[in-house]
file query17.txt (compact mmCIF, C-alpha atoms and all ligand atoms)
# COMPACT_ATOMS: atom_id res chain seq x y z
CA MET G 1 2.59 14.71 10.75
CA PHE G 2 1.20 11.23 10.43
CA ILE G 3 4.00 9.00 9.09
CA THR G 4 3.59 5.33 8.24
CA VAL G 5 6.31 2.79 7.55
CA GLU G 6 5.59 -0.17 5.32
CA GLY G 7 7.66 -3.00 3.98
CA SER G 8 7.46 -6.40 2.50
CA GLU G 9 8.74 -9.43 4.39
CA GLY G 10 12.22 -8.97 5.93
CA ALA G 11 12.55 -5.38 4.73
CA GLY G 12 13.96 -4.24 8.07
CA LYS G 13 11.06 -2.16 9.40
CA SER G 14 11.72 -2.80 13.09
CA THR G 15 15.42 -2.02 12.69
CA ASN G 16 14.72 1.23 10.84
CA LEU G 17 11.82 2.38 13.01
CA GLU G 18 14.29 2.77 15.87
CA PHE G 19 16.47 4.90 13.61
CA ILE G 20 13.48 7.06 12.57
CA GLN G 21 12.47 7.53 16.20
CA GLU G 22 15.97 8.67 17.17
CA ARG G 23 16.16 11.13 14.26
CA LEU G 24 12.80 12.74 14.92
CA GLN G 25 13.33 12.96 18.66
CA ALA G 26 16.74 14.53 18.11
CA ALA G 27 14.94 17.17 16.03
CA GLY G 28 12.72 17.91 19.04
CA LYS G 29 9.51 16.29 17.81
CA GLU G 30 7.06 14.98 20.36
CA LEU G 31 6.42 11.49 19.02
CA VAL G 32 3.97 8.66 19.38
CA MET G 33 5.42 5.41 18.03
CA THR G 34 2.77 2.79 17.42
CA ARG G 35 1.95 -0.20 15.26
CA GLU G 36 -0.71 -2.15 13.39
CA PRO G 37 -2.33 -4.48 13.87
CA GLY G 38 -2.22 -3.39 17.51
CA GLY G 39 -1.43 -0.12 19.23
CA THR G 40 -4.17 -0.44 21.89
CA GLU G 41 -4.95 -3.11 24.47
CA LEU G 42 -7.84 -4.44 22.39
CA GLY G 43 -5.85 -4.06 19.16
CA GLU G 44 -2.98 -6.12 20.57
CA GLU G 45 -5.45 -8.88 21.45
CA ILE G 46 -6.77 -8.77 17.88
CA ARG G 47 -3.13 -8.92 16.69
CA GLU G 48 -2.67 -12.19 18.58
CA LEU G 49 -5.75 -13.63 16.86
CA LEU G 50 -4.45 -12.50 13.46
CA LEU G 51 -0.81 -13.55 13.75
CA GLY G 52 -1.06 -16.62 15.97
CA HIS G 53 -1.82 -20.10 14.73
CA LYS G 54 -4.93 -20.75 16.83
CA HIS G 55 -7.14 -19.68 13.92
CA ASP G 56 -5.08 -20.86 10.98
CA GLY G 57 -8.17 -21.44 8.84
CA MET G 58 -9.57 -17.92 9.37
CA SER G 59 -11.51 -16.69 6.32
CA ASP G 60 -10.07 -13.83 4.28
CA ASP G 61 -13.10 -11.62 5.04
CA CYS G 62 -12.71 -12.22 8.78
CA GLU G 63 -9.02 -11.29 8.51
CA LEU G 64 -9.85 -8.08 6.67
CA LEU G 65 -12.57 -7.05 9.12
CA LEU G 66 -10.35 -7.76 12.14
CA MET G 67 -7.64 -5.52 10.64
CA PHE G 68 -10.15 -2.68 10.38
CA ALA G 69 -11.71 -3.41 13.79
CA ALA G 70 -8.26 -3.01 15.37
CA ARG G 71 -7.66 0.11 13.24
CA ALA G 72 -10.92 1.77 14.33
CA GLU G 73 -9.91 1.37 17.98
CA HIS G 74 -6.37 2.54 17.26
CA LEU G 75 -7.51 5.65 15.39
CA ASN G 76 -10.03 6.69 18.02
CA ARG G 77 -7.92 6.02 21.10
CA VAL G 78 -4.35 6.73 19.98
CA ILE G 79 -3.77 8.23 16.54
CA LYS G 80 -6.39 10.98 16.33
CA PRO G 81 -5.95 12.19 19.95
CA ALA G 82 -2.17 12.42 19.42
CA LEU G 83 -2.50 14.32 16.13
CA ASN G 84 -5.06 16.65 17.71
CA LYS G 85 -2.51 17.51 20.41
CA GLY G 86 0.05 18.40 17.72
CA LYS G 87 2.19 15.31 18.21
CA TRP G 88 3.82 13.40 15.39
CA VAL G 89 2.62 9.85 14.96
CA VAL G 90 4.85 7.17 13.42
CA CYS G 91 2.95 3.98 12.72
CA ASP G 92 4.54 0.63 11.86
CA ARG G 93 2.17 -0.42 9.04
CA PHE G 94 -1.28 1.02 8.32
CA THR G 95 -3.93 0.70 5.60
CA ASP G 96 -1.40 0.31 2.77
CA ALA G 97 -0.64 -3.06 4.38
CA THR G 98 -4.30 -4.01 4.07
CA TYR G 99 -4.29 -3.18 0.37
CA ALA G 100 -1.04 -5.13 -0.08
CA TYR G 101 -1.73 -8.23 2.07
CA GLN G 102 -5.52 -8.62 2.01
CA GLY G 103 -5.94 -7.05 -1.45
CA GLY G 104 -2.81 -8.07 -3.34
CA GLY G 105 -1.95 -11.17 -1.31
CA ARG G 106 -5.39 -12.66 -0.57
CA GLY G 107 -7.16 -11.26 -3.62
CA ILE G 108 -9.95 -9.35 -1.86
CA PRO G 109 -11.35 -6.71 -4.27
CA MET G 110 -9.72 -3.32 -3.67
CA GLN G 111 -13.12 -1.55 -3.70
CA ARG G 112 -14.11 -3.44 -0.55
CA ILE G 113 -10.96 -2.27 1.20
CA GLU G 114 -11.55 1.26 -0.04
CA ALA G 115 -15.10 1.22 1.35
CA LEU G 116 -13.82 0.16 4.78
CA GLU G 117 -11.00 2.72 4.62
CA ASN G 118 -13.49 5.52 3.97
CA TRP G 119 -15.82 4.30 6.70
CA VAL G 120 -13.21 3.80 9.43
CA GLN G 121 -10.82 6.65 8.60
CA GLY G 122 -13.08 9.30 7.06
CA GLU G 123 -10.70 11.78 5.43
CA LEU G 124 -7.65 10.77 7.45
CA ARG G 125 -4.70 9.46 5.41
CA PRO G 126 -0.98 9.40 6.27
CA ASP G 127 1.00 12.51 5.31
CA LEU G 128 4.05 10.45 4.44
CA THR G 129 4.60 6.74 3.83
CA LEU G 130 8.04 5.18 3.67
CA PHE G 131 7.95 1.92 1.76
CA LEU G 132 11.01 -0.22 2.48
CA ASP G 133 11.31 -2.33 -0.64
CA VAL G 134 13.31 -5.52 -0.82
CA PRO G 135 13.23 -8.36 -3.37
CA VAL G 136 11.12 -11.20 -1.98
CA ASP G 137 13.89 -13.83 -1.94
CA ILE G 138 16.27 -11.58 0.04
CA GLY G 139 13.50 -10.53 2.45
CA MET G 140 12.34 -14.09 3.10
CA LYS G 141 15.90 -15.18 3.79
CA ARG G 142 16.38 -12.36 6.30
CA ALA G 143 13.04 -13.03 8.04
CA GLY G 144 13.66 -16.79 8.10
CA GLU G 145 16.87 -16.30 10.02
CA ARG G 146 15.11 -14.18 12.63
CA SER G 147 12.25 -16.12 14.30
CA ALA G 148 9.55 -18.79 13.95
CA PRO G 149 7.05 -17.79 11.21
CA ASP G 150 3.70 -16.22 12.18
CA ARG G 151 0.46 -16.88 10.24
CA PHE G 152 1.46 -14.45 7.46
CA GLU G 153 5.10 -15.46 7.27
CA ARG G 154 3.99 -19.02 6.47
CA GLN G 155 2.69 -17.91 3.06
CA GLN G 156 4.45 -18.96 -0.12
CA ILE G 157 6.71 -16.83 -2.30
CA ASP G 158 3.98 -15.96 -4.87
CA PHE G 159 1.87 -14.43 -2.06
CA PHE G 160 4.76 -12.12 -1.12
CA GLU G 161 5.39 -11.26 -4.78
CA ARG G 162 1.77 -10.07 -5.05
CA VAL G 163 2.14 -8.10 -1.81
CA ARG G 164 5.28 -6.39 -3.10
CA THR G 165 3.72 -5.63 -6.50
CA CYS G 166 0.73 -4.02 -4.83
CA TYR G 167 2.90 -1.87 -2.56
CA LEU G 168 5.02 -0.75 -5.52
CA GLU G 169 1.98 0.11 -7.65
CA ARG G 170 0.48 2.20 -4.88
CA ALA G 171 3.79 3.91 -4.11
CA ARG G 172 4.46 4.74 -7.76
CA SER G 173 0.95 6.14 -8.21
CA ASP G 174 1.42 8.85 -5.57
CA ALA G 175 4.89 10.35 -5.39
CA VAL G 176 3.70 13.05 -3.01
CA ARG G 177 2.82 10.71 -0.16
CA TYR G 178 5.16 7.77 -0.73
CA ARG G 179 8.93 7.43 -0.68
CA ILE G 180 10.33 4.14 -1.90
CA ILE G 181 13.50 3.16 -0.03
CA ASP G 182 15.73 0.45 -1.50
CA ALA G 183 15.93 -1.82 1.53
CA GLY G 184 18.03 -4.41 -0.29
CA GLN G 185 21.11 -2.24 0.31
CA SER G 186 23.36 -2.40 3.35
CA LEU G 187 21.75 -1.08 6.52
CA GLU G 188 24.08 1.92 6.42
CA ASP G 189 22.88 2.87 2.92
CA VAL G 190 19.23 2.28 3.80
CA GLN G 191 19.55 4.60 6.79
CA ARG G 192 21.35 7.23 4.74
CA ASP G 193 18.36 7.26 2.34
CA ILE G 194 15.84 7.41 5.19
CA ALA G 195 17.80 10.27 6.78
CA LYS G 196 17.60 12.23 3.51
CA VAL G 197 13.81 11.90 3.45
CA LEU G 198 13.49 12.90 7.11
CA THR G 199 15.74 15.91 6.65
CA LYS G 200 13.45 17.18 3.86
CA VAL G 201 10.36 16.55 5.97
CA LEU G 202 11.86 18.41 8.93
CA GLU G 203 12.74 21.37 6.71
N1 LIG R 1 -0.76 -7.11 8.15
C1 LIG R 1 -1.77 -7.32 7.23
O1 LIG R 1 -1.87 -8.39 6.63
N2 LIG R 1 -2.67 -6.32 7.01
C2 LIG R 1 -2.65 -5.13 7.68
O2 LIG R 1 -3.52 -4.27 7.45
C3 LIG R 1 -1.57 -4.94 8.62
C4 LIG R 1 -0.65 -5.94 8.83
C5 LIG R 1 -1.50 -3.64 9.36
C6 LIG R 1 2.59 -8.33 11.07
O3 LIG R 1 3.25 -7.18 10.72
C7 LIG R 1 1.82 -8.88 9.91
O4 LIG R 1 0.57 -8.23 9.75
C8 LIG R 1 2.53 -8.67 8.59
C9 LIG R 1 1.49 -8.10 7.64
C10 LIG R 1 0.20 -8.21 8.39
N3 LIG R 1 2.95 -9.93 8.12
N4 LIG R 1 3.94 -10.24 7.50
N5 LIG R 1 4.75 -10.77 6.99
P1 LIG R 1 4.62 -6.75 11.39
O5 LIG R 1 4.96 -5.48 10.72
O6 LIG R 1 4.46 -6.71 12.84
O7 LIG R 1 5.64 -7.95 11.08
P2 LIG R 1 6.84 -8.06 10.07
O8 LIG R 1 6.42 -7.92 8.67
O9 LIG R 1 7.51 -9.33 10.41
O10 LIG R 1 7.76 -6.78 10.36
P3 LIG R 1 9.08 -6.60 11.21
O11 LIG R 1 9.01 -7.30 12.51
O12 LIG R 1 9.35 -5.15 11.28
O13 LIG R 1 10.14 -7.32 10.33
P4 LIG R 1 11.13 -6.83 9.24
O14 LIG R 1 10.64 -5.83 8.31
O15 LIG R 1 11.54 -8.10 8.66
O16 LIG R 1 12.28 -6.09 10.07
P5 LIG R 1 13.50 -6.52 10.96
O17 LIG R 1 13.10 -7.50 12.01
O18 LIG R 1 14.08 -5.26 11.39
O19 LIG R 1 14.55 -7.19 9.90
C11 LIG R 1 14.56 -8.56 9.61
C12 LIG R 1 16.01 -9.10 9.70
O20 LIG R 1 16.80 -8.52 8.66
C13 LIG R 1 16.71 -8.76 11.02
O21 LIG R 1 17.50 -9.84 11.38
C14 LIG R 1 17.60 -7.55 10.66
O22 LIG R 1 18.74 -7.47 11.44
C15 LIG R 1 17.93 -7.84 9.22
N6 LIG R 1 18.14 -6.63 8.39
C16 LIG R 1 17.39 -5.50 8.41
N7 LIG R 1 17.85 -4.61 7.49
C17 LIG R 1 18.88 -5.21 6.88
C18 LIG R 1 19.78 -4.80 5.83
N8 LIG R 1 19.67 -3.62 5.21
N9 LIG R 1 20.73 -5.67 5.43
C19 LIG R 1 20.84 -6.89 6.01
N10 LIG R 1 20.05 -7.34 7.02
C20 LIG R 1 19.07 -6.50 7.44
call {"tool": "encode", "arguments": {"input": "query17.txt", "output": "structure tokens"}}
result
Amino acid sequence: MFITVEGSEGAGKSTNLEFIQERLQAAGKELVMTREPGGTELGEEIRELLLGHKHDGMSDDCELLLMFAARAEHLNRVIKPALNKGKWVVCDRFTDATYAYQGGGRGIPMQRIEALENWVQGELRPDLTLFLDVPVDIGMKRAGERSAPDRFERQQIDFFERVRTCYLERARSDAVRYRIIDAGQSLEDVQRDIAKVLTKVLE
């Protein structure tokens, strides 16, 4: 299984990824937990370029291409080898984030993203995507209390509204691959809903 976890700002991905890892390991799955942008030595260096403030004026096209450059490395060195060995891969963000942030947020035409997706990934798509959905104002408040903002977190509220809308449209268009989790609930309730999805997957 190739599982991806997505979320808008402050949705609680990091918190819930730990929970997902514990659940799947308790069920005996051999897991690779990884993340994007990043997941390889080169990918983590690209992540620093993307999230840091050294290149604040980076063009949207450069941002998009760096996301896919890191993804190409990640797929070839980590994700595909692990899947080929029969392991389960859980990835903190993947190409849905590109559609949401670079497509929805920045306004890059979706066809360009689709062309890169087909080039870099071939046929490979996640088997399951959990989208942790939280209203933008609640998410921004949570994220603001956590740490200094990175290059994305500095965006304004309308950017995050477009990101969320794009995620929701994609999730609602494919009920087989996506599960929308209401991440505005208490952590206990969020994890109860995630556990239900995982139980079905494990069955
Ligand atoms: N990006 C992109 O643009 N294009 C791409 O293709 C990809 C990524 C792959 C880095 O991602 C950035 O890269 C991201 C999109 C862009 N930018 N943004 N924004 P990241 O995933 O590494 O960074 P992140 O979005 O900040 O994710 P995160 O670290 O997992 O944060 P989070 O979702 O906000 O989760 P959290 O740290 O677990 O939770 C935030 C706080 O809320 C924390 O204090 C928790 O204790 C609290 N929390 C969590 N759940 C709850 C509930 N249920 N109730 C109350 N409080 C809660």
call {"tool": "residues_around", "arguments": {"input": "query17.txt", "residues": "range 195-200 of chain G", "least_positions_apart": "5", "cutoff": "10 Å", "atoms": "all atoms listed in the file", "output": "PyMOL selection string"}}
result
chain G and resi 19-20+23-24+27+128+130+179+181+189-190
call {"tool": "atom_distance", "arguments": {"input": "query17.txt", "atom1": "CA of Asp60 in chain G", "atom2": "CA of Ile108 in chain G"}}
result
7.6 Å
call {"tool": "residues_near_ligand", "arguments": {"input": "query17.txt", "ligand": "ligand LIG 1 (chain R)", "cutoff": "6 Å", "atoms": "only C-alpha atoms and all ligand atoms", "output": "number ranges by chain"}}
result
G: 7, 9-15, 36-37, 67, 93-95, 97-98, 101-102, 142-143, 146, 152-153, 183-187
call {"tool": "write_last_selection", "arguments": {"input": "query17.txt", "atoms": "C-alpha atoms", "output": "PDB file, in the coordinates of the input"}}
result
ATOM      1  CA  GLY G   7       7.660  -3.000   3.980  1.00  0.00           C
ATOM      2  CA  GLU G   9       8.740  -9.430   4.390  1.00  0.00           C
ATOM      3  CA  GLY G  10      12.220  -8.970   5.930  1.00  0.00           C
ATOM      4  CA  ALA G  11      12.550  -5.380   4.730  1.00  0.00           C
ATOM      5  CA  GLY G  12      13.960  -4.240   8.070  1.00  0.00           C
ATOM      6  CA  LYS G  13      11.060  -2.160   9.400  1.00  0.00           C
ATOM      7  CA  SER G  14      11.720  -2.800  13.090  1.00  0.00           C
ATOM      8  CA  THR G  15      15.420  -2.020  12.690  1.00  0.00           C
ATOM      9  CA  GLU G  36      -0.710  -2.150  13.390  1.00  0.00           C
ATOM     10  CA  PRO G  37      -2.330  -4.480  13.870  1.00  0.00           C
ATOM     11  CA  MET G  67      -7.640  -5.520  10.640  1.00  0.00           C
ATOM     12  CA  ARG G  93       2.170  -0.420   9.040  1.00  0.00           C
ATOM     13  CA  PHE G  94      -1.280   1.020   8.320  1.00  0.00           C
ATOM     14  CA  THR G  95      -3.930   0.700   5.600  1.00  0.00           C
ATOM     15  CA  ALA G  97      -0.640  -3.060   4.380  1.00  0.00           C
ATOM     16  CA  THR G  98      -4.300  -4.010   4.070  1.00  0.00           C
ATOM     17  CA  TYR G 101      -1.730  -8.230   2.070  1.00  0.00           C
ATOM     18  CA  GLN G 102      -5.520  -8.620   2.010  1.00  0.00           C
ATOM     19  CA  ARG G 142      16.380 -12.360   6.300  1.00  0.00           C
ATOM     20  CA  ALA G 143      13.040 -13.030   8.040  1.00  0.00           C
ATOM     21  CA  ARG G 146      15.110 -14.180  12.630  1.00  0.00           C
ATOM     22  CA  PHE G 152       1.460 -14.450   7.460  1.00  0.00           C
ATOM     23  CA  GLU G 153       5.100 -15.460   7.270  1.00  0.00           C
ATOM     24  CA  ALA G 183      15.930  -1.820   1.530  1.00  0.00           C
ATOM     25  CA  GLY G 184      18.030  -4.410  -0.290  1.00  0.00           C
ATOM     26  CA  GLN G 185      21.110  -2.240   0.310  1.00  0.00           C
ATOM     27  CA  SER G 186      23.360  -2.400   3.350  1.00  0.00           C
ATOM     28  CA  LEU G 187      21.750  -1.080   6.520  1.00  0.00           C
TER      29      LEU G 187
END
call {"tool": "residues_around", "arguments": {"input": "query17.txt", "residues": "Ala82 in chain G", "least_positions_apart": "2", "cutoff": "12 Å", "atoms": "only C-alpha atoms", "output": "VMD selection string"}}
result
chain G and resid 1 to 2 30 to 34 74 to 80 84 to 91
call {"tool": "atom_distance", "arguments": {"input": "query17.txt", "atom1": "CA of Gln121 in chain G", "atom2": "CA of Arg71 in chain G"}}
result
8.6 Å
call {"tool": "residues_around", "arguments": {"input": "query17.txt", "residues": "Tyr167 in chain G", "least_positions_apart": "2", "cutoff": "8 Å", "atoms": "all atoms listed in the file", "output": "number ranges by chain"}}
result
G: 96-97, 99-100, 131, 163-165, 169-171
call {"tool": "atom_distance", "arguments": {"input": "query17.txt", "atom1": "CA of Arg162 in chain G", "atom2": "CA of Gly104 in chain G"}}
result
5.3 Å
call {"tool": "closest_residue", "arguments": {"input": "query17.txt", "among": "G:Leu83, G:Ile157, G:Leu64, G:Leu124", "to": "Val136 in chain G", "atoms": "all atoms listed in the file"}}
result
G:Ile157
call {"tool": "residues_around", "arguments": {"input": "query17.txt", "residues": "Leu51 in chain G", "least_positions_apart": "5", "cutoff": "12 Å", "atoms": "only C-alpha atoms", "output": "mmCIF file with C-alpha atoms, in the frame of the given file"}}
result
data_model
loop_
_atom_site.group_PDB
_atom_site.id
_atom_site.type_symbol
_atom_site.label_atom_id
_atom_site.label_comp_id
_atom_site.auth_asym_id
_atom_site.auth_seq_id
_atom_site.Cartn_x
_atom_site.Cartn_y
_atom_site.Cartn_z
ATOM 1 C CA GLU G 36 -0.710 -2.150 13.390
ATOM 2 C CA PRO G 37 -2.330 -4.480 13.870
ATOM 3 C CA GLY G 38 -2.220 -3.390 17.510
ATOM 4 C CA GLU G 44 -2.980 -6.120 20.570
ATOM 5 C CA GLU G 45 -5.450 -8.880 21.450
ATOM 6 C CA ILE G 46 -6.770 -8.770 17.880
ATOM 7 C CA ASP G 56 -5.080 -20.860 10.980
ATOM 8 C CA GLY G 57 -8.170 -21.440 8.840
ATOM 9 C CA MET G 58 -9.570 -17.920 9.370
ATOM 10 C CA GLU G 63 -9.020 -11.290 8.510
ATOM 11 C CA LEU G 66 -10.350 -7.760 12.140
ATOM 12 C CA MET G 67 -7.640 -5.520 10.640
ATOM 13 C CA ALA G 148 9.550 -18.790 13.950
ATOM 14 C CA PRO G 149 7.050 -17.790 11.210
ATOM 15 C CA ASP G 150 3.700 -16.220 12.180
ATOM 16 C CA ARG G 151 0.460 -16.880 10.240
ATOM 17 C CA PHE G 152 1.460 -14.450 7.460
ATOM 18 C CA GLU G 153 5.100 -15.460 7.270
ATOM 19 C CA ARG G 154 3.990 -19.020 6.470
#
